[in-house]
>>> print(open('structure-v8.txt').read())   # compact mmCIF, C-alpha atoms
# COMPACT_ATOMS: atom_id res chain seq x y z
CA MET P 28 -76.35 -20.10 75.19
CA LYS P 29 -73.30 -21.28 73.27
CA LYS P 30 -75.46 -22.18 70.28
CA MET P 31 -77.10 -18.76 70.26
CA ILE P 32 -73.73 -17.02 70.05
CA LEU P 33 -72.44 -19.46 67.47
CA VAL P 34 -75.45 -19.17 65.14
CA LEU P 35 -75.72 -15.40 65.31
CA GLY P 36 -71.94 -15.09 64.94
CA ILE P 37 -71.81 -17.30 61.87
CA VAL P 38 -74.80 -15.58 60.23
CA THR P 39 -73.37 -12.09 60.73
CA LEU P 40 -69.93 -13.25 59.57
CA LEU P 41 -71.35 -14.77 56.38
CA SER P 42 -73.41 -11.65 55.80
CA GLY P 43 -70.29 -9.52 56.11
CA VAL P 44 -68.35 -11.70 53.68
CA VAL P 45 -71.15 -11.69 51.10
CA LEU P 46 -71.63 -7.91 51.35
CA ALA P 47 -67.89 -7.25 51.11
CA ALA P 48 -67.72 -9.36 47.94
CA VAL P 49 -70.76 -7.69 46.31
CA TYR P 50 -69.55 -4.22 47.29
CA THR P 51 -66.05 -4.78 45.93
CA GLY P 52 -67.52 -6.17 42.72
CA LEU P 53 -69.94 -3.31 42.10
CA ILE P 54 -68.23 -0.21 43.47
CA PRO P 55 -66.23 0.58 40.29
CA ARG P 56 -69.46 0.62 38.29
CA ILE P 57 -71.24 2.76 40.88
CA GLU P 58 -68.43 5.31 40.93
CA GLU P 59 -68.37 5.30 37.13
CA ASN P 60 -72.10 6.10 37.08
CA GLU P 61 -71.68 8.96 39.53
CA GLN P 62 -68.77 10.36 37.55
CA ALA P 63 -70.77 10.09 34.31
CA ALA P 64 -73.74 11.91 35.86
CA LEU P 65 -71.44 14.69 37.08
CA GLU P 66 -69.79 15.02 33.67
CA ARG P 67 -73.18 15.19 31.94
CA SER P 68 -74.22 18.09 34.18
CA LEU P 69 -70.85 19.82 33.72
CA SER P 70 -70.99 19.51 29.94
CA ALA P 71 -74.55 20.87 29.89
CA LEU P 72 -73.29 24.02 31.64
CA PHE P 73 -70.89 24.86 28.86
CA GLU P 74 -73.13 23.93 25.97
CA GLY P 75 -71.94 24.74 22.52
CA SER P 76 -68.33 24.21 23.40
CA GLU P 77 -67.43 20.71 22.29
CA THR P 78 -66.70 18.20 25.06
CA PRO P 79 -64.96 20.45 27.54
CA GLU P 80 -62.41 19.02 29.91
CA PHE P 81 -62.79 19.44 33.64
CA GLU P 82 -60.34 19.61 36.44
CA GLU P 83 -61.31 19.79 40.09
CA LEU P 84 -59.54 22.73 41.70
CA ASP P 85 -57.79 22.38 45.00
CA THR P 86 -59.40 25.32 46.75
CA GLU P 87 -60.97 25.84 50.14
CA GLY P 88 -64.75 26.19 50.41
CA PRO P 89 -67.15 24.90 47.76
CA THR P 90 -65.90 22.40 45.18
CA VAL P 91 -64.93 24.18 41.97
CA TYR P 92 -64.23 22.68 38.55
CA ARG P 93 -62.19 24.46 35.91
CA ALA P 94 -63.54 23.89 32.40
CA GLU P 95 -61.25 24.01 29.40
CA SER P 96 -62.00 23.46 25.72
CA GLN P 97 -60.08 20.79 23.82
CA GLY P 98 -57.80 23.54 22.57
CA GLY P 99 -56.89 24.58 26.11
CA ASP P 100 -58.93 27.79 26.30
CA LEU P 101 -60.51 28.58 29.65
CA LEU P 102 -64.29 28.24 29.28
CA GLY P 103 -65.18 29.08 32.85
CA PHE P 104 -65.70 27.53 36.25
CA ALA P 105 -68.38 25.28 37.68
CA VAL P 106 -69.27 25.52 41.35
CA ARG P 107 -70.98 22.77 43.32
CA VAL P 108 -73.84 24.14 45.41
CA THR P 109 -75.66 22.26 48.16
CA THR P 110 -78.73 23.78 49.73
CA THR P 111 -81.84 22.65 51.58
CA GLY P 112 -85.20 23.07 49.89
CA TYR P 113 -88.73 22.12 50.85
CA GLY P 114 -88.37 18.38 50.28
CA GLY P 115 -84.72 17.89 51.19
CA GLU P 116 -81.27 18.46 49.84
CA ILE P 117 -80.88 20.25 46.52
CA ARG P 118 -77.59 19.88 44.66
CA LEU P 119 -76.72 22.28 41.87
CA LEU P 120 -73.86 23.03 39.54
CA VAL P 121 -73.45 26.67 38.65
CA GLY P 122 -71.31 27.81 35.74
CA VAL P 123 -69.35 31.04 36.01
CA SER P 124 -67.76 32.92 33.10
CA PRO P 125 -63.92 32.90 32.81
CA ASP P 126 -63.63 36.50 34.08
CA LEU P 127 -65.94 35.67 37.04
CA SER P 128 -68.27 38.51 36.08
CA SER P 129 -71.43 36.58 35.25
CA ILE P 130 -73.25 33.30 35.80
CA ALA P 131 -73.08 31.14 32.69
CA GLY P 132 -75.72 28.62 33.64
CA LEU P 133 -77.29 26.48 36.32
CA GLU P 134 -77.87 22.73 36.35
CA VAL P 135 -79.90 20.82 38.94
CA VAL P 136 -78.01 17.65 39.83
CA GLN P 137 -80.39 16.39 42.47
CA GLN P 138 -83.66 17.60 43.99
CA VAL P 139 -86.64 16.12 45.77
CA GLU P 140 -88.98 19.11 45.64
CA THR P 141 -92.75 18.76 45.21
CA PRO P 142 -93.58 17.62 41.67
CA GLY P 143 -95.36 20.33 39.71
CA LEU P 144 -94.40 23.08 42.16
CA GLY P 145 -90.89 23.18 43.63
CA ALA P 146 -89.63 20.64 41.10
CA LYS P 147 -89.93 23.42 38.50
CA ILE P 148 -86.53 24.63 39.70
CA ALA P 149 -85.15 21.97 37.32
CA GLU P 150 -86.98 23.47 34.33
CA GLU P 151 -85.26 25.60 31.73
CA ASP P 152 -87.57 28.60 32.34
CA PHE P 153 -86.43 28.92 35.92
CA ARG P 154 -82.79 27.97 35.46
CA SER P 155 -82.15 30.34 32.56
CA GLN P 156 -83.05 33.29 34.80
CA PHE P 157 -79.70 32.93 36.49
CA GLU P 158 -77.73 33.39 33.28
CA GLY P 159 -76.00 36.72 33.18
CA LEU P 160 -76.48 37.55 36.86
CA ASP P 161 -73.53 38.80 38.91
CA PRO P 162 -72.13 35.91 40.98
CA SER P 163 -70.36 38.18 43.46
CA GLU P 164 -73.65 39.80 44.57
CA PRO P 165 -76.48 37.99 46.39
CA VAL P 166 -79.32 36.80 44.16
CA ASP P 167 -82.75 38.09 45.17
CA TYR P 168 -86.18 36.91 44.14
CA VAL P 169 -89.41 38.80 43.49
CA LYS P 170 -92.96 37.45 43.53
CA ASN P 171 -95.50 38.20 40.81
CA ALA P 172 -93.39 41.00 39.40
CA GLU P 173 -90.96 41.49 36.57
CA PRO P 174 -87.49 40.74 37.96
CA ASP P 175 -84.85 43.39 37.47
CA THR P 176 -81.71 41.65 36.23
CA GLU P 177 -79.66 44.76 37.01
CA GLU P 178 -80.57 44.19 40.65
CA ASN P 179 -79.65 40.49 40.44
CA GLU P 180 -83.29 39.44 40.68
CA ILE P 181 -85.13 36.33 39.56
CA GLU P 182 -88.85 35.64 39.56
CA ALA P 183 -90.03 33.16 42.21
CA ILE P 184 -91.97 30.08 41.15
CA SER P 185 -95.55 30.67 42.29
CA GLY P 186 -96.44 28.28 45.09
CA ALA P 187 -92.83 27.34 45.65
CA THR P 188 -91.21 30.23 47.47
CA ILE P 189 -89.21 27.94 49.74
CA SER P 190 -87.66 26.07 46.79
CA THR P 191 -86.93 29.35 45.00
CA GLU P 192 -85.36 30.84 48.10
CA ALA P 193 -83.25 27.72 48.65
CA VAL P 194 -81.77 27.94 45.16
CA ALA P 195 -81.26 31.72 45.33
CA GLU P 196 -79.58 31.48 48.73
CA GLY P 197 -77.47 28.48 47.77
CA VAL P 198 -76.22 30.29 44.68
CA SER P 199 -75.61 33.52 46.63
CA ASP P 200 -73.67 31.78 49.40
CA ASP P 201 -71.65 29.06 47.67
CA VAL P 202 -71.03 30.70 44.30
CA GLY P 203 -70.35 34.03 46.00
CA ARG P 204 -67.72 32.42 48.20
CA ALA P 205 -66.19 30.44 45.33
CA VAL P 206 -65.90 33.59 43.20
CA GLU P 207 -64.31 35.44 46.11
CA ILE P 208 -61.74 32.67 46.57
CA LEU P 209 -61.05 32.41 42.84
CA SER P 210 -60.52 36.14 42.39
CA GLU P 211 -58.25 36.26 45.42
CA GLU P 212 -56.14 33.50 43.94
CA GLU P 213 -56.05 35.24 40.60
CA SER P 214 -54.84 38.50 42.10
CA ARG P 215 -52.13 36.62 43.99
CA GLN P 216 -50.73 35.16 40.80
CA MET A 23 -89.24 -28.76 43.72
CA LYS A 24 -92.27 -30.21 41.93
CA SER A 25 -95.16 -27.91 41.35
CA SER A 26 -98.01 -29.50 43.25
CA PRO A 27 -101.43 -27.95 43.73
CA SER A 28 -100.43 -26.78 47.18
CA ILE A 29 -97.48 -24.81 45.82
CA VAL A 30 -99.76 -23.09 43.33
CA SER A 31 -102.20 -22.29 46.10
CA HIS A 32 -99.40 -20.85 48.29
CA PHE A 33 -98.46 -18.60 45.40
CA GLY A 34 -102.07 -17.58 44.74
CA ALA A 35 -102.75 -16.84 48.39
CA GLY A 36 -100.08 -14.15 48.48
CA LEU A 37 -101.06 -12.77 45.10
CA ILE A 38 -104.82 -12.34 45.63
CA LYS A 39 -106.40 -13.71 48.79
CA ASN A 40 -103.81 -12.28 51.17
CA ASN A 41 -102.57 -9.51 48.92
CA PRO A 42 -100.02 -7.67 51.08
CA VAL A 43 -101.22 -4.21 50.06
CA PHE A 44 -104.96 -4.48 49.44
CA VAL A 45 -105.83 -7.14 52.03
CA GLN A 46 -103.11 -7.25 54.70
CA VAL A 47 -102.30 -3.52 54.37
CA LEU A 48 -98.60 -4.14 54.98
CA GLY A 49 -95.63 -2.19 53.65
CA MET A 50 -97.56 1.07 53.43
CA CYS A 51 -94.49 3.30 53.55
CA PRO A 52 -93.08 2.30 50.13
CA THR A 53 -96.59 1.74 48.78
CA LEU A 54 -97.60 5.34 49.34
CA ALA A 55 -94.24 7.01 48.83
CA VAL A 56 -92.82 5.61 45.59
CA THR A 57 -95.90 4.94 43.48
CA THR A 58 -95.82 8.19 41.53
CA SER A 59 -95.27 6.18 38.33
CA VAL A 60 -95.64 2.61 37.07
CA ALA A 61 -91.90 2.24 36.58
CA ASN A 62 -91.20 3.20 40.20
CA GLY A 63 -93.86 0.78 41.43
CA LEU A 64 -92.41 -2.02 39.30
CA ALA A 65 -88.84 -1.40 40.46
CA MET A 66 -89.84 -1.20 44.11
CA GLY A 67 -91.97 -4.34 43.76
CA LEU A 68 -89.19 -6.33 42.11
CA ALA A 69 -86.57 -5.23 44.64
CA THR A 70 -88.89 -6.21 47.50
CA THR A 71 -89.71 -9.54 45.80
CA PHE A 72 -86.02 -10.32 45.47
CA VAL A 73 -85.50 -9.65 49.17
CA VAL A 74 -88.53 -11.58 50.41
CA VAL A 75 -87.82 -14.63 48.22
CA SER A 76 -84.10 -14.76 49.10
CA ALA A 77 -84.67 -14.21 52.81
CA ALA A 78 -87.54 -16.71 52.98
CA THR A 79 -85.43 -19.33 51.20
CA ILE A 80 -82.55 -18.99 53.64
CA ALA A 81 -84.89 -18.78 56.63
CA SER A 82 -86.69 -22.00 55.69
CA ILE A 83 -83.36 -23.80 55.28
CA ILE A 84 -81.77 -22.70 58.54
CA ASN A 85 -84.85 -22.44 60.77
CA ARG A 86 -84.06 -25.73 62.55
CA ILE A 87 -80.61 -24.64 63.69
CA VAL A 88 -81.57 -21.11 64.80
CA PRO A 89 -82.36 -20.98 68.53
CA GLY A 90 -85.62 -19.20 69.33
CA GLN A 91 -83.96 -16.44 71.35
CA VAL A 92 -81.91 -15.10 68.43
CA ARG A 93 -84.49 -15.80 65.73
CA ILE A 94 -85.41 -12.16 65.08
CA PRO A 95 -81.83 -10.77 65.01
CA VAL A 96 -80.72 -13.59 62.69
CA TYR A 97 -83.54 -12.94 60.23
CA ALA A 98 -83.05 -9.18 60.48
CA VAL A 99 -79.38 -9.62 59.49
CA ILE A 100 -80.36 -11.86 56.56
CA ILE A 101 -82.99 -9.39 55.34
CA ALA A 102 -80.61 -6.45 55.72
CA THR A 103 -77.97 -8.31 53.72
CA PHE A 104 -80.27 -8.87 50.76
CA VAL A 105 -81.60 -5.31 50.92
CA THR A 106 -78.05 -3.96 50.73
CA ILE A 107 -77.32 -6.21 47.76
CA ALA A 108 -80.48 -4.98 46.01
CA ASP A 109 -79.52 -1.36 46.72
CA LEU A 110 -75.99 -1.81 45.34
CA VAL A 111 -77.23 -3.62 42.21
CA LEU A 112 -79.75 -0.85 41.51
CA LYS A 113 -77.06 1.80 41.96
CA ALA A 114 -74.65 -0.05 39.67
CA PHE A 115 -76.97 -1.04 36.84
CA PHE A 116 -80.06 1.21 37.06
CA PRO A 117 -78.88 4.60 38.36
CA PRO A 118 -82.01 6.53 37.27
CA LEU A 119 -84.28 4.08 39.12
CA SER A 120 -82.03 4.15 42.15
CA GLU A 121 -82.25 7.95 42.11
CA ALA A 122 -86.05 7.88 41.82
CA LEU A 123 -86.52 5.39 44.66
CA GLY A 124 -84.01 7.18 46.85
CA PRO A 125 -84.05 6.18 50.51
CA TYR A 126 -86.95 3.78 50.02
CA VAL A 127 -84.68 0.96 48.81
CA PRO A 128 -82.69 0.75 52.07
CA LEU A 129 -86.03 1.06 53.87
CA ILE A 130 -87.18 -2.28 52.43
CA VAL A 131 -85.40 -3.68 55.45
CA VAL A 132 -88.19 -2.46 57.72
CA ASN A 133 -90.99 -3.61 55.42
CA CYS A 134 -93.00 -5.72 57.85
CA MET A 135 -94.36 -7.78 54.98
CA ILE A 136 -90.95 -9.48 54.69
CA MET A 137 -90.52 -10.35 58.36
CA GLY A 138 -94.20 -11.31 58.28
CA ARG A 139 -93.73 -13.94 55.57
CA ILE A 140 -90.64 -15.32 57.27
CA GLU A 141 -92.18 -15.52 60.73
CA ALA A 142 -95.60 -16.70 59.61
CA PHE A 143 -94.57 -19.08 56.85
CA ALA A 144 -90.93 -19.73 55.99
CA THR A 145 -89.86 -20.80 59.49
CA ARG A 146 -92.64 -23.40 59.59
CA ASN A 147 -92.49 -24.82 56.08
CA ALA A 148 -90.12 -26.54 53.68
CA VAL A 149 -88.11 -24.65 51.08
CA GLY A 150 -90.46 -25.27 48.13
CA PRO A 151 -93.66 -23.93 49.67
CA SER A 152 -91.71 -21.08 51.30
CA ILE A 153 -90.39 -19.91 47.94
CA ALA A 154 -93.87 -20.19 46.41
CA ASP A 155 -95.37 -18.22 49.28
CA ALA A 156 -92.69 -15.51 49.07
CA LEU A 157 -93.01 -15.29 45.28
CA GLY A 158 -96.78 -14.95 45.56
CA THR A 159 -96.49 -12.24 48.18
CA GLY A 160 -93.84 -10.44 46.12
CA ALA A 161 -95.95 -10.68 42.98
CA GLY A 162 -98.99 -9.41 44.86
CA PHE A 163 -96.96 -6.50 46.21
CA THR A 164 -95.47 -5.69 42.78
CA GLY A 165 -98.88 -5.91 41.10
CA ALA A 166 -100.51 -3.66 43.67
CA LEU A 167 -97.71 -1.07 43.41
CA MET A 168 -97.94 -1.09 39.60
CA VAL A 169 -101.72 -0.63 39.61
CA LEU A 170 -101.43 2.19 42.13
CA GLY A 171 -98.50 3.72 40.25
CA GLY A 172 -100.39 3.37 36.97
CA VAL A 173 -103.52 5.11 38.22
CA ARG A 174 -101.48 7.92 39.77
CA GLU A 175 -99.23 8.38 36.74
CA ILE A 176 -102.14 8.40 34.26
CA LEU A 177 -104.20 10.91 36.26
CA GLY A 178 -101.37 12.91 37.78
CA SER A 179 -99.00 13.22 34.82
CA GLY A 180 -101.15 12.12 31.87
CA GLU A 181 -98.50 9.54 31.07
CA LEU A 182 -97.92 5.80 31.31
CA PHE A 183 -94.35 4.45 31.51
CA GLY A 184 -93.28 8.02 30.77
CA ALA A 185 -95.13 8.20 27.43
CA ALA A 186 -97.93 10.75 27.03
CA ILE A 187 -101.28 9.02 26.57
CA PHE A 188 -103.62 11.98 26.40
CA GLY A 189 -103.55 14.83 23.92
CA SER A 190 -102.08 18.16 24.93
CA GLY A 191 -105.58 19.22 26.03
CA TYR A 192 -105.33 17.17 29.21
CA THR A 193 -104.43 19.08 32.35
CA PRO A 194 -102.77 16.63 34.78
CA MET A 195 -104.45 16.24 38.17
CA LEU A 196 -101.43 17.29 40.15
CA ILE A 197 -102.85 16.03 43.43
CA MET A 198 -102.61 12.43 42.24
CA ILE A 199 -98.80 12.45 42.29
CA LEU A 200 -98.70 14.27 45.62
CA PRO A 201 -98.97 12.31 48.90
CA ALA A 202 -102.68 13.11 49.25
CA GLY A 203 -103.32 11.43 45.90
CA ALA A 204 -101.58 8.30 47.13
CA PHE A 205 -104.04 7.95 49.99
CA ILE A 206 -107.05 8.70 47.77
CA ALA A 207 -105.99 6.23 45.08
CA LEU A 208 -105.05 3.54 47.59
CA GLY A 209 -108.37 3.85 49.43
CA LEU A 210 -110.42 3.61 46.24
CA LEU A 211 -108.36 0.73 44.84
CA MET A 212 -108.57 -1.15 48.12
CA ALA A 213 -112.34 -0.77 48.12
CA LEU A 214 -112.55 -1.94 44.51
CA PHE A 215 -110.26 -4.90 45.16
CA ASN A 216 -112.21 -6.08 48.17
CA HIS A 217 -115.51 -5.56 46.40
CA LEU A 218 -114.40 -7.71 43.49
CA GLN A 219 -113.05 -10.34 45.87
CA ALA A 220 -116.30 -10.51 47.82
CA GLY A 221 -118.55 -10.18 44.81
CA GLY A 222 -116.78 -13.00 43.02
CA SER A 223 -115.68 -11.36 39.84
CA LEU A 224 -114.69 -13.98 37.26
CA ILE A 225 -111.69 -12.03 36.08
CA LEU A 226 -110.03 -11.92 39.47
CA ARG A 227 -110.88 -15.52 40.32
CA LYS A 228 -109.19 -16.64 37.12
CA ALA A 229 -106.12 -14.58 37.84
CA ALA A 230 -105.83 -16.45 41.14
>>> encode(input="structure-v8.txt", output="structure tokens")
Amino acid sequence: MKKMILVLGIVTLLSGVVLAAVYTGLIPRIEENEQAALERSLSALFEGSETPEFEELDTEGPTVYRAESQGGDLLGFAVRVTTTGYGGEIRLLVGVSPDLSSIAGLEVVQQVETPGLGAKIAEEDFRSQFEGLDPSEPVDYVKNAEPDTEENEIEAISGATISTEAVAEGVSDDVGRAVEILSEEESRQ
Amino acid sequence: MKSSPSIVSHFGAGLIKNNPVFVQVLGMCPTLAVTTSVANGLAMGLATTFVVVSAATIASIINRIVPGQVRIPVYAVIIATFVTIADLVLKAFFPPLSEALGPYVPLIVVNCMIMGRIEAFATRNAVGPSIADALGTGAGFTGALMVLGGVREILGSGELFGAAIFGSGYTPMLIMILPAGAFIALGLLMALFNHLQAGGSLILRKAA
């Protein structure tokens, strides 16, 4: 009885010590990698402008980054969007123009949709459809028809309605809310 | 640790005769889920090999002082420790691979192949043979995952290690990288492997 407790106790204690040491040693690198991945996606949103600088805004609701050029000009905002698709969580970054009137771009940070079908949400053809849409209005999708950009429409990926809907809804909800909050703050200033 | 014939045979047993995937049919969850490409299969195989070799080494050293009643919890803690280390190392040094393998790295902990090797071999043998046995099993697992990943990547994406191998005229067989393709490819490969084993193909005998 005593031996059982002793052996299991020592093994779990050693395991804890080893894991604590490995974790402490590696966590700076892991956080660095995550930061680098985020910055890559952020930079891709504001392509053309050379190495923009980002600052996370202290707002309620979705996480928002403020992008500035090296010269200090406001390039726009990036909103973090989390939504649930067919295969699991989808994480997006959506760029919004400085005057909050249009979507500047969409980057897929993480997705586990079906390869060849839902995974097409990460392709340029699908993502570019969001450019120029109005972020304060809900984004709709149409199937097998020409989308009307005036009506904030995108064309659904055939065979992947659930993935399309997830992205459209995520953008409508999170970006819509972020734009609302940002414009409220602006009018207060 | 001298390499004696028995150590070589322990290694070979895990690699071919008792191949964890094609013969023992163990560890099916990662086998089917992550083998959409060769690189994924290789990474999963190596991570699992690291865990099985490390855990089997420790288990064979401490098996005399572990009372029978707490055997399973002790080994489960040891396995979980090495799995967490593997997960952290992948995240720190190979973020794209870690992303691709997703939750399947932490799930190595429930790969019954690992507990199987420890229970069936490492607790009853000295350190040398236990390492050889675990290495053989790990190599067999890695090899099987790479073959499966290779077949699925070539047919399903028209690529190998991410490089296109067919001309642009090739339409990828999408089903091969979907779950259904995993079952189809695994079934056919298993049949082929067992046929070659039984039929005595020279190539496979030599590899053993």
>>> residues_near_point(input="structure-v8.txt", point="(-73.5, 30.4, 46.1)", cutoff="10 Å", atoms="only C-alpha atoms", output="list in words")
Pro89, Val106, Arg107, Val108, Thr109, Thr110, Leu119, Leu120, Val121, Pro162, Ser163, Glu164, Pro165, Val166, Val194, Ala195, Glu196, Gly197, Val198, Ser199, Asp200, Asp201, Val202, Gly203, Arg204, Ala205 and Val206 of chain P
>>> residues_around(input="structure-v8.txt", residues="Gly124 of chain A", least_positions_apart="4", cutoff="10 Å", atoms="all atoms listed in the file", output="CSV table (one decimal) with C-alpha atoms, in the frame of the given file")
chain,number,residue,atom,x,y,z
P,139,VAL,CA,-86.6,16.1,45.8
A,56,VAL,CA,-92.8,5.6,45.6
A,109,ASP,CA,-79.5,-1.4,46.7
A,118,PRO,CA,-82.0,6.5,37.3
A,119,LEU,CA,-84.3,4.1,39.1
A,120,SER,CA,-82.0,4.2,42.2
A,128,PRO,CA,-82.7,0.8,52.1
A,129,LEU,CA,-86.0,1.1,53.9
>>> residues_around(input="structure-v8.txt", residues="Asp175 of chain P", least_positions_apart="4", cutoff="12 Å", atoms="only C-alpha atoms", output="PyMOL selection string")
chain P and resi 156-157+159-160+166-170+179-182
>>> interface_residues(input="structure-v8.txt", of="chain A", to="chain P", cutoff="8 Å", atoms="only C-alpha atoms", output="list of chain:residue names")
A:Ile87, A:Val88, A:Pro89, A:Gln91, A:Val92, A:Pro95, A:Val96, A:Val99, A:Ile100, A:Thr103, A:Thr106, A:Ile107, A:Leu110, A:Val111, A:Lys113, A:Ala114, A:Phe115, A:Pro117, A:Leu196, A:Ile199, A:Leu200
>>> residues_near_point(input="structure-v8.txt", point="(-82.6, 17.7, 42.3)", cutoff="10 Å", atoms="all atoms listed in the file", output="list in words")
Gly112, Gly114, Gly115, Glu116, Ile117, Arg118, Leu119, Glu134, Val135, Val136, Gln137, Gln138, Val139, Glu140, Ala146, Ile148 and Ala149 of chain P; Glu121 of chain A
>>> atom_distance(input="structure-v8.txt", atom1="atom CA of Asp155 of chain A", atom2="atom CA of Leu123 of chain A")
25.6 Å
>>> atom_distance(input="structure-v8.txt", atom1="atom CA of Gly150 of chain A", atom2="atom CA of Gly138 of chain A")
17.7 Å
>>> atom_distance(input="structure-v8.txt", atom1="atom CA of Ser214 of chain P", atom2="atom CA of Phe81 of chain P")
22.3 Å
>>> residues_around(input="structure-v8.txt", residues="Ile130 of chain A", least_positions_apart="6", cutoff="10 Å", atoms="all atoms listed in the file", output="ChimeraX atom specification")
/A:49,51-52,66,69-70,73-74,101-102,104-106,108-109,136
>>> write_last_selection(input="structure-v8.txt", atoms="C-alpha atoms", output="compact mmCIF listing (two decimals), keeping the file's coordinate frame")
# COMPACT_ATOMS: atom_id res chain seq x y z
CA GLY A 49 -95.63 -2.19 53.65
CA CYS A 51 -94.49 3.30 53.55
CA PRO A 52 -93.08 2.30 50.13
CA MET A 66 -89.84 -1.20 44.11
CA ALA A 69 -86.57 -5.23 44.64
CA THR A 70 -88.89 -6.21 47.50
CA VAL A 73 -85.50 -9.65 49.17
CA VAL A 74 -88.53 -11.58 50.41
CA ILE A 101 -82.99 -9.39 55.34
CA ALA A 102 -80.61 -6.45 55.72
CA PHE A 104 -80.27 -8.87 50.76
CA VAL A 105 -81.60 -5.31 50.92
CA THR A 106 -78.05 -3.96 50.73
CA ALA A 108 -80.48 -4.98 46.01
CA ASP A 109 -79.52 -1.36 46.72
CA ILE A 136 -90.95 -9.48 54.69
>>> residues_around(input="structure-v8.txt", residues="segment 204-212 of chain A", least_positions_apart="5", cutoff="12 Å", atoms="all atoms listed in the file", output="PyMOL selection string")
chain A and resi 41-47+50-59+166-178+196-199+217-219
>>> write_last_selection(input="structure-v8.txt", atoms="C-alpha atoms", output="PDB file, in the frame of the given file")
ATOM      1  CA  ASN A  41    -102.570  -9.510  48.920  1.00  0.00           C
ATOM      2  CA  PRO A  42    -100.020  -7.670  51.080  1.00  0.00           C
ATOM      3  CA  VAL A  43    -101.220  -4.210  50.060  1.00  0.00           C
ATOM      4  CA  PHE A  44    -104.960  -4.480  49.440  1.00  0.00           C
ATOM      5  CA  VAL A  45    -105.830  -7.140  52.030  1.00  0.00           C
ATOM      6  CA  GLN A  46    -103.110  -7.250  54.700  1.00  0.00           C
ATOM      7  CA  VAL A  47    -102.300  -3.520  54.370  1.00  0.00           C
ATOM      8  CA  MET A  50     -97.560   1.070  53.430  1.00  0.00           C
ATOM      9  CA  CYS A  51     -94.490   3.300  53.550  1.00  0.00           C
ATOM     10  CA  PRO A  52     -93.080   2.300  50.130  1.00  0.00           C
ATOM     11  CA  THR A  53     -96.590   1.740  48.780  1.00  0.00           C
ATOM     12  CA  LEU A  54     -97.600   5.340  49.340  1.00  0.00           C
ATOM     13  CA  ALA A  55     -94.240   7.010  48.830  1.00  0.00           C
ATOM     14  CA  VAL A  56     -92.820   5.610  45.590  1.00  0.00           C
ATOM     15  CA  THR A  57     -95.900   4.940  43.480  1.00  0.00           C
ATOM     16  CA  THR A  58     -95.820   8.190  41.530  1.00  0.00           C
ATOM     17  CA  SER A  59     -95.270   6.180  38.330  1.00  0.00           C
ATOM     18  CA  ALA A 166    -100.510  -3.660  43.670  1.00  0.00           C
ATOM     19  CA  LEU A 167     -97.710  -1.070  43.410  1.00  0.00           C
ATOM     20  CA  MET A 168     -97.940  -1.090  39.600  1.00  0.00           C
ATOM     21  CA  VAL A 169    -101.720  -0.630  39.610  1.00  0.00           C
ATOM     22  CA  LEU A 170    -101.430   2.190  42.130  1.00  0.00           C
ATOM     23  CA  GLY A 171     -98.500   3.720  40.250  1.00  0.00           C
ATOM     24  CA  GLY A 172    -100.390   3.370  36.970  1.00  0.00           C
ATOM     25  CA  VAL A 173    -103.520   5.110  38.220  1.00  0.00           C
ATOM     26  CA  ARG A 174    -101.480   7.920  39.770  1.00  0.00           C
ATOM     27  CA  GLU A 175     -99.230   8.380  36.740  1.00  0.00           C
ATOM     28  CA  ILE A 176    -102.140   8.400  34.260  1.00  0.00           C
ATOM     29  CA  LEU A 177    -104.200  10.910  36.260  1.00  0.00           C
ATOM     30  CA  GLY A 178    -101.370  12.910  37.780  1.00  0.00           C
ATOM     31  CA  LEU A 196    -101.430  17.290  40.150  1.00  0.00           C
ATOM     32  CA  ILE A 197    -102.850  16.030  43.430  1.00  0.00           C
ATOM     33  CA  MET A 198    -102.610  12.430  42.240  1.00  0.00           C
ATOM     34  CA  ILE A 199     -98.800  12.450  42.290  1.00  0.00           C
ATOM     35  CA  HIS A 217    -115.510  -5.560  46.400  1.00  0.00           C
ATOM     36  CA  LEU A 218    -114.400  -7.710  43.490  1.00  0.00           C
ATOM     37  CA  GLN A 219    -113.050 -10.340  45.870  1.00  0.00           C
TER      38      GLN A 219
END
>>> closest_residue(input="structure-v8.txt", among="A:Thr71, A:Ser152, A:Asn62, A:Ser76", to="Tyr126 of chain A", atoms="all atoms listed in the file")
A:Asn62
>>> closest_residue(input="structure-v8.txt", among="A:Pro151, A:Gly203, A:Gly158, A:Gly67", to="Gly34 of chain A", atoms="all atoms listed in the file")
A:Gly158
>>> closest_residue(input="structure-v8.txt", among="P:Glu192, P:Glu211, P:Asp126, P:Glu74", to="Tyr113 of chain P", atoms="only C-alpha atoms")
P:Glu192
>>> build_atoms(input="structure-v8.txt", residues="segment 124-128 of chain A", atoms="N, CA and C atoms", output="JSON list (two decimals), keeping the file's coordinate frame")
[["chain", "number", "residue", "atom", "x", "y", "z"],
["A", 124, "GLY", "N", -84.68, 6.53, 45.74],
["A", 124, "GLY", "CA", -84.01, 7.18, 46.85],
["A", 124, "GLY", "C", -83.89, 6.33, 48.09],
["A", 125, "PRO", "N", -84.26, 6.90, 49.25],
["A", 125, "PRO", "CA", -84.05, 6.18, 50.51],
["A", 125, "PRO", "C", -85.00, 5.01, 50.69],
["A", 126, "TYR", "N", -85.96, 4.83, 49.79],
["A", 126, "TYR", "CA", -86.95, 3.78, 50.02],
["A", 126, "TYR", "C", -86.41, 2.39, 49.72],
["A", 127, "VAL", "N", -85.29, 2.29, 49.01],
["A", 127, "VAL", "CA", -84.68, 0.96, 48.81],
["A", 127, "VAL", "C", -84.07, 0.46, 50.12],
["A", 128, "PRO", "N", -83.18, 1.22, 50.77],
["A", 128, "PRO", "CA", -82.69, 0.75, 52.07],
["A", 128, "PRO", "C", -83.83, 0.49, 53.07]]
